[in-house]
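Only one structure is covered here, and it is reproduced in the block below.
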Amino acid sequence: MSDPLFRKLRRLVPKRQRCVFDPSYHDLVDQHLSSTGRRNIPFRLGALMLVAQCHTLWLRSLVKRSFGRRFANQTAKAPPPPTPPHTGRLIHSLLQDFRYALRALLKSPAYTAFVVSVLALGIGANVAMFSVTDAALLRALPFPDADRLVMGRTTWEGRIGPSVSIPDYRDYRDESEVFESFAAILGGDTGNTITGGTEPEWVSGSVVSVNLFSTLRIDPQVGRHFTTDEAEPGAPNVVIISHGYGERRFGSVAEAVGANLIIDGDPYTVVGVMPAGFHFLHEVDFWSPLRREGHRGSHSWLTVGRLMPGVSLGHAQSQVDVISAQLAAAYPETNEIKGLLLTDLQEVLAEDYHLSLLLLTGAIGLVLLITCVNIAGLLLARGSTRSRELSVRAALGASRGRLVRQLFTESVLIAVAAGALGIVLAAWFQNLVLTFLPLDSLGISEVQISSSMLLFALVLSLGTALVFGGAPALSGARANPARDLTGGTRASAHSGATRLRSGLVVLQVALSVVLLIGSGLLIRSFARLRNVDMGFETEQLLTADVQLSTSEYPDRDARLQFFENLLGDVRAIPGVLSASAINKLPIRSPWMNWGVWDPDNPPQDRSDYRSAYSRTVLPGYFDAMGIPVLSGRDVRVTDGPNTARLVISEAMATWFFPNQEAVGQQVAVNLGATEPTNLEVIGVVGDVRVNTLAGDPGFQMYFPYTQLPYSAMSLTVRTQGEPTAIVNAIRSAIQARNPNIPLANIATMEQIISRSVAASRTLNVMLALFAGSALLLAMIGLYGVLAYHVVQRLHEIGVRVALGASSGNVVQLVLQRGLLLVAAGIALGVPAAAGATLLLQRQLYGVDPTDPGTFVGVSLCFALVGMVACLIPAMRAMRVDPLTALQPE
Amino acid sequence: MSPQKSRLPPVTHLQFLVLEFLGNNEEPGRAVRDMLRQHGIKRSTPAFYQLMARLEEMGLARGKYVPKLVKGQTVKERRYALTAAGTRAYNSTCAFYREKLEFSKLDSPQEA
């Protein structure tokens with residue numbers, strides 16, 4: 001479905017409920033269009049409500065499935081279960097501890113609810129992160145025997161390409177004996193127009209070798225695989241479509257097989273429909289069989305192989321290396337330094353997420369550790385107030401071990417309750433994580449609750465119980481009846497427990513400093529990335545794709561005439577300042593770089609070889625984009641097909657023609673033919689970042705449309721006001737020219753840039769969220785320790801005030817202690833952060849991992865926030881009345 | 001003559017109502033929901049479609065998406081029809097109650 005809101009919301013709905021959400025959403029659309037004719041704010045609210053209702057239904061069915069039968073059985077049995085006739089002493093005392101712990105926790109419901117919910121949030125987030133990481137990095141791909149699937153990527157003297165040429169692919173497929181099957185898929189998706197329905201539809205497709213699906217061992221849900229005959233040139237046009245497109249187009253997938261589709265003006269027969277949820281590398285609507293004969297120097301294909309049973313990756317690689325050497329000997333001009341690297345498919349697909357997932361898992365683990373430390377502090381404080389009760393138990397004969405066990409049982413109970421709640425929360429968190437960090441290339445749209453996830457939750461719960469409950473149990477069980485039962489509240493202040501609590505606060509501050517510095521570095525890096533000079537003006541620039549049918553517009557003249565007329569119409573729309581078109585938009589469509597050199601000085605070895613991003617533009621492109629023309633001129637319609645001209649970027653001009661005028665010079669370009677083509681430079685323009693925001697912009701060359709007339713072009717329209725306001729006018733202009741051409745992928749340039757940094761932004765937002773939580777927890781811990789410290793020293797403060805201490809002296813007393821703890825935490829955290837942030841090096845742009853500004857800034861921020869946390873206990877100490885404080889208890 | 005022991009109907013009252021409404025026609029989900037509302041059964045849209053999804057899971061109904069034009073825009077509509085199993089379930093439920101009524105020991109309200 002092309003509705004982006006639908007796609008986003010659908011991801012938030014549990015998989016089992018999607019069959020409920022989909023028709024409900026369509027009904028809502030129908031209802032709103034029928035009544036108001038548009039999708040307004042009430043519609044969006046309604047759609048969100050649907051998501052919430054689906055979650056409620058899902059939860060209800062989950063509870064019903066899990067507990068329904070048990071409850072039913074219990075209610076059926078009227079009498080309570082009989083007491084076991086005999087229980088061992090240990091079991092009996094354990095049960096006693098359990099009952100006692102339960103009573104103790106229920107006696108302070110607010111405290112219990114707070115601790116359980118904070119811990120549940122921590123455990124839930126960790127379990128969700130674990131399950132996503134487990135699915136992405138550890139668990140097998142959703143294909144049978146996925147451990148035998150490998151990806152073959154071209155290497156250039158060891159540097160990964162990764163695309164493979166068609167002749168190379170065929171040679172590896174035919175010559176190797178280690179693959180059960182070896183398949184190829186186009187490196188990117190194709191934009192196509194399907195006509196014949198109520199209105200033209202823009203879809204995305206892919207070209208695959210006929211054995212791709214059998215290599216993955218995924219059968220079409222209905223219909224059949226491609227046959228080998230269908231890979232032959234001249235065979236009837238056939239496609240296999242996705243389940244989503246089948247439902248969207250035909251209502252039911254069963255009706256799709258045998259149906260005809262007009263794709264880019266050519267008729268195709270649907271021979272199969274893939275199962276729901278299947279996609280490989282790209283999410284496309286259809287797949288067509290590979291029939292092309294490519295050039296050995298043109299690399300656009302990715303290869304996937306299934307190893308024969310028992311063949312190891314190393315063995316396969318050594319055989320492939322032999323074939324690479326044979327190809328290098330046979331085709332030295334193209335294959336001299338080329339190789340093929342086989343890598344486990346899962347490893348390749350998870351490469352993009354690997355570091356982000358590990359960073360987030362580490363960060364969320366740290367937050368849980370800080371939570372545990374915080375709760376340990378709370379338990380210690382609670383243990384101090386219960387010292388009298390514990391002393392009574394000790395005086396009545398309870399051993400220290402028994403008291404430890406009793407206190408620890410309380411911690412285990414809290415952890416188990418939090419773990420159970422955490423699993424429920426994890427189910428929601430998973431969807432949230434996948435919404436922010438979609439793992440599309442791995443084919444993971446949802447992670448099910450698995451046994452490994454439940455086991456992890458159990459281990460994590462018990463582990464947290466040990467971390468936060470261990471020290472307080474040992475400290476609390478150090479009961480001293482002689483002191484505690486005679487000395488009143490002041491006597492209950494164990495200096496050991498106080499030291500431990502202070503130590504815990506120092507630890508919390510140190511861990512939070514690590515997280516805050518990491519997050520601060522990423523935020524600074526992101527800010528620099530967003531402010532990078534793109535080489536063109538990004539504001540008020542609308543882009544949209546137009547795909548011409550190759551049968552309707554078969555030649556250069558027809559295409560040129562259409563685009564010339566269309567651009568004339570678009571420029572006449574009120575509010576449009578300038579308009580043009582390019583075959584590949586900057587940032588959104590990277591790559592497509594061709595070899596280029598000075599014809600008078602051809603490269604002698606590989607180090608002299610340079611490549612430039614190749615783009616085809618219509619006249620007015622530089623003006624519309626705001627790219628400065630530094631010398632020479634823009635491309636013109638009169639730069640006909642036989643004139644061999646191009647415009648190059650400033651960096652390219654400086655590299656090839658240093659200290660001389662580039663305009664009028666010749667450059668040789670490898671256009672994929674056997675001989676390079678010499679082209680005359682007619683203009684030099686500013687450098688543009690066409691690939692990514694970070695990194696070197698590289699060289700760019702722009703060909704006039706008359707020389708490379710692509711059927712798919714992207715419009716670039718500079719507007720006076722809001723760019724999206726003219727979308728309908730552009731659509732009408734296209735419809736008036738040809739009603740079979742849709743306007744697709746409409747986006748402002750700012751949206752395109754924003755999407756390109758979405759992954760960095762997600763990482764930043766999540767890490768900032770974790771760092772913020774850590775800071776808050778550390779401050780709560782600091783406040784708790786100081787508040788307790790003030791209560792403990794009330795008597796002493798009273799004496800000081802009675803002897804003439806001023807308010808300032810009392811505040812100083814408390815602040816001094818608080819800031820000492822913060823300073824100790826910072827002193828521990830900064831060196832730890834210096835080590836930890838080295839892991840972030842690859843994620844940073846323009847910021848050093850040990851950036852002093854961030855380190856100092858975070859330390860000062862912590863000192864400031866620490867001071868605020870100290871102020872409330874300090875003010876309380878200042879208001880101590882000596883008469884009240886010195887009264888005997 | 002004692003009545004022949006027949007099995008309990010495989011569908012609930014609500015499901016029976018839906019099967020009866022679908023009959024030999026193909027009906028959009030919204031129409032089915034409106035019909036239920038007229039019988040005083042108010043359900044949220046997701047709850048209603050969960051009911052329909054269950055019928056589909058049981059193999060009693062078959063759903064499919066049909067595109068339609070609303071104010072110039074294409075929207076999809078989920079339409080439902082009875083399967084052969086659905087028709088059988090409906091008929092067996094009717095037969096069950098018909099048999100019970102035939103051998104009922106209670107006077108019908110009209111007779112009272």
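Residue numbering restarts at 1 in every chain; chains get A, B, ... in the order shown in the structure tokens, and ligands count up from 1 in that same order.
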How close does each residue of chain B get to chain A, giving the shortest atom pair and distance in Å to one decimal for every residue with an atom at most 6 Å away, counting only C-alpha atoms, sorted by chain and residue number, as JSON lines?
{"residue": "B:Thr45", "atom": "CA", "partner": "A:Ser24", "partner_atom": "CA", "distance": 5.7}
{"residue": "B:Pro46", "atom": "CA", "partner": "A:Val20", "partner_atom": "CA", "distance": 5.5}
{"residue": "B:Tyr49", "atom": "CA", "partner": "A:Val20", "partner_atom": "CA", "distance": 5.1}
{"residue": "B:Gln50", "atom": "CA", "partner": "A:Val20", "partner_atom": "CA", "distance": 5.5}
{"residue": "B:Lys64", "atom": "CA", "partner": "A:Gly251", "partner_atom": "CA", "distance": 5.4}
{"residue": "B:Tyr65", "atom": "CA", "partner": "A:Gly251", "partner_atom": "CA", "distance": 4.1}
{"residue": "B:Val66", "atom": "CA", "partner": "A:Gly251", "partner_atom": "CA", "distance": 4.9}
{"residue": "B:Lys76", "atom": "CA", "partner": "A:His26", "partner_atom": "CA", "distance": 5.9}
{"residue": "B:Arg78", "atom": "CA", "partner": "A:Pro23", "partner_atom": "CA", "distance": 5.9}
- request: Compile the contact shell of His315 (chain A) as an MDAnalysis selection string: residues with an atom at most 12 Å away, counting only C-alpha atoms, same-chain residues fewer than 6 positions apart removed.
  value: chainID A and resid 176:179 307:308 321:322 342
- request: Select from region 357-462 of chain A everything DSSP, run on the backbone, classes as alpha helix (DSSP H), then give the selection as a VMD selection string.
  value: chain A and resid 357 to 385 387 to 395 400 to 436 451 to 462
query: Using only C-alpha atoms, which residues sit within 10 Å of region 643-648 of chain A once same-chain residues fewer than 2 positions away are excluded, as a PyMOL selection string?
result: chain A and resi 612-617+629+631-635+638-641+650-653+662-664+666-667+677-687+699-704+706-707
So that I have them on file, write out the residues from the current selection with N, CA and C atoms, as a short mmCIF file (atom, residue, chain, number, x, y, z; two decimals), in the first residue's frame.
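Output saved as result-v7.cif:
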data_model
loop_
_atom_site.label_atom_id
_atom_site.label_comp_id
_atom_site.auth_asym_id
_atom_site.auth_seq_id
_atom_site.Cartn_x
_atom_site.Cartn_y
_atom_site.Cartn_z
N ALA A 612 33.93 9.53 -11.42
CA ALA A 612 33.09 10.69 -11.11
C ALA A 612 31.63 10.26 -11.16
N TYR A 613 30.83 10.89 -10.29
CA TYR A 613 29.40 10.60 -10.32
C TYR A 613 28.82 11.16 -11.61
N SER A 614 28.13 10.29 -12.35
CA SER A 614 27.61 10.71 -13.64
C SER A 614 26.13 11.03 -13.53
N ARG A 615 25.73 12.20 -14.00
CA ARG A 615 24.33 12.60 -13.94
C ARG A 615 23.91 13.21 -15.28
N THR A 616 22.64 13.02 -15.63
CA THR A 616 22.10 13.62 -16.85
C THR A 616 21.10 14.69 -16.45
N VAL A 617 21.26 15.88 -17.02
CA VAL A 617 20.38 16.98 -16.61
C VAL A 617 19.75 17.66 -17.80
N VAL A 629 27.30 28.30 -11.26
CA VAL A 629 28.08 28.00 -12.48
C VAL A 629 29.33 28.88 -12.39
N SER A 631 32.30 28.74 -14.21
CA SER A 631 32.81 29.23 -15.49
C SER A 631 32.12 28.46 -16.60
N GLY A 632 32.16 29.04 -17.82
CA GLY A 632 31.48 28.39 -18.94
C GLY A 632 29.98 28.57 -18.83
N ARG A 633 29.21 27.56 -19.19
CA ARG A 633 27.75 27.71 -19.25
C ARG A 633 27.03 26.42 -18.85
N ASP A 634 25.71 26.58 -18.74
CA ASP A 634 24.81 25.47 -18.44
C ASP A 634 24.66 24.60 -19.71
N VAL A 635 24.09 23.39 -19.56
CA VAL A 635 23.80 22.57 -20.74
C VAL A 635 22.64 23.21 -21.51
N THR A 638 20.45 22.52 -27.45
CA THR A 638 21.22 22.46 -28.71
C THR A 638 22.49 21.63 -28.57
N ASP A 639 22.85 21.22 -27.32
CA ASP A 639 24.00 20.32 -27.17
C ASP A 639 23.55 18.94 -27.64
N GLY A 640 23.47 18.80 -28.91
CA GLY A 640 22.84 17.63 -29.52
C GLY A 640 23.58 16.33 -29.24
N PRO A 641 23.02 15.23 -29.73
CA PRO A 641 23.58 13.91 -29.41
C PRO A 641 25.00 13.71 -29.93
N GLU A 650 33.77 21.57 -9.68
CA GLU A 650 34.98 22.35 -9.42
C GLU A 650 36.16 21.45 -9.02
N ALA A 651 35.88 20.48 -8.12
CA ALA A 651 36.97 19.61 -7.65
C ALA A 651 37.54 18.80 -8.81
N MET A 652 36.67 18.37 -9.71
CA MET A 652 37.12 17.58 -10.86
C MET A 652 37.97 18.45 -11.80
N ALA A 653 37.51 19.72 -11.99
CA ALA A 653 38.25 20.65 -12.86
C ALA A 653 39.63 20.92 -12.27
N ALA A 662 39.40 25.06 -17.34
CA ALA A 662 38.90 23.73 -17.72
C ALA A 662 37.98 23.78 -18.92
N VAL A 663 37.25 24.91 -19.07
CA VAL A 663 36.27 25.01 -20.18
C VAL A 663 37.02 24.92 -21.51
N GLY A 664 36.52 24.06 -22.38
CA GLY A 664 37.16 23.87 -23.68
C GLY A 664 38.11 22.68 -23.70
N GLN A 666 39.28 18.62 -22.90
CA GLN A 666 38.64 17.32 -23.16
C GLN A 666 38.85 16.39 -21.96
N VAL A 667 37.85 15.58 -21.65
CA VAL A 667 38.03 14.50 -20.66
C VAL A 667 37.55 13.19 -21.30
N THR A 677 35.04 7.53 -24.35
CA THR A 677 34.53 8.63 -25.17
C THR A 677 35.18 9.93 -24.70
N ASN A 678 35.67 10.72 -25.65
CA ASN A 678 36.23 12.03 -25.30
C ASN A 678 35.11 13.08 -25.34
N LEU A 679 35.01 13.87 -24.27
CA LEU A 679 33.96 14.89 -24.20
C LEU A 679 34.58 16.24 -23.89
N GLU A 680 33.92 17.28 -24.44
CA GLU A 680 34.44 18.64 -24.22
C GLU A 680 33.77 19.25 -22.99
N VAL A 681 34.56 19.88 -22.14
CA VAL A 681 34.00 20.54 -20.95
C VAL A 681 33.42 21.87 -21.38
N ILE A 682 32.11 22.07 -21.10
CA ILE A 682 31.49 23.34 -21.50
C ILE A 682 31.21 24.23 -20.27
N GLY A 683 31.36 23.67 -19.10
CA GLY A 683 31.12 24.49 -17.91
C GLY A 683 31.67 23.84 -16.66
N VAL A 684 31.92 24.67 -15.66
CA VAL A 684 32.37 24.17 -14.36
C VAL A 684 31.40 24.69 -13.31
N VAL A 685 30.88 23.77 -12.48
CA VAL A 685 29.91 24.17 -11.44
C VAL A 685 30.45 23.78 -10.07
N GLY A 686 29.78 24.30 -9.04
CA GLY A 686 30.21 24.02 -7.66
C GLY A 686 30.06 22.55 -7.31
N ASP A 687 30.85 22.11 -6.32
CA ASP A 687 30.77 20.70 -5.88
C ASP A 687 29.47 20.46 -5.13
N PHE A 699 33.98 13.72 -7.36
CA PHE A 699 33.83 14.47 -8.62
C PHE A 699 32.43 14.22 -9.17
N GLN A 700 31.92 15.25 -9.85
CA GLN A 700 30.63 15.06 -10.53
C GLN A 700 30.75 15.53 -11.96
N MET A 701 30.04 14.84 -12.87
CA MET A 701 29.95 15.31 -14.26
C MET A 701 28.49 15.23 -14.69
N TYR A 702 28.08 16.25 -15.42
CA TYR A 702 26.69 16.37 -15.83
C TYR A 702 26.61 16.34 -17.35
N PHE A 703 25.85 15.37 -17.88
CA PHE A 703 25.68 15.25 -19.33
C PHE A 703 24.38 15.93 -19.75
N PRO A 704 24.37 16.56 -20.92
CA PRO A 704 23.09 17.11 -21.41
C PRO A 704 22.13 15.95 -21.70
N THR A 706 20.21 15.40 -24.03
CA THR A 706 20.22 14.96 -25.43
C THR A 706 21.24 13.83 -25.64
N GLN A 707 22.26 13.78 -24.79
CA GLN A 707 23.28 12.73 -24.97
C GLN A 707 22.91 11.43 -24.27
#
message: Need the shell around region 31-39 of chain B: protein/DNA/RNA residues with any atom at most 10 Å away, counting only C-alpha atoms. Skip same-chain ones fewer than 2 positions apart. Format as number ranges by chain?
response: B: 14, 17-19, 21-22, 27-29, 41-45, 48-49, 52, 79-80
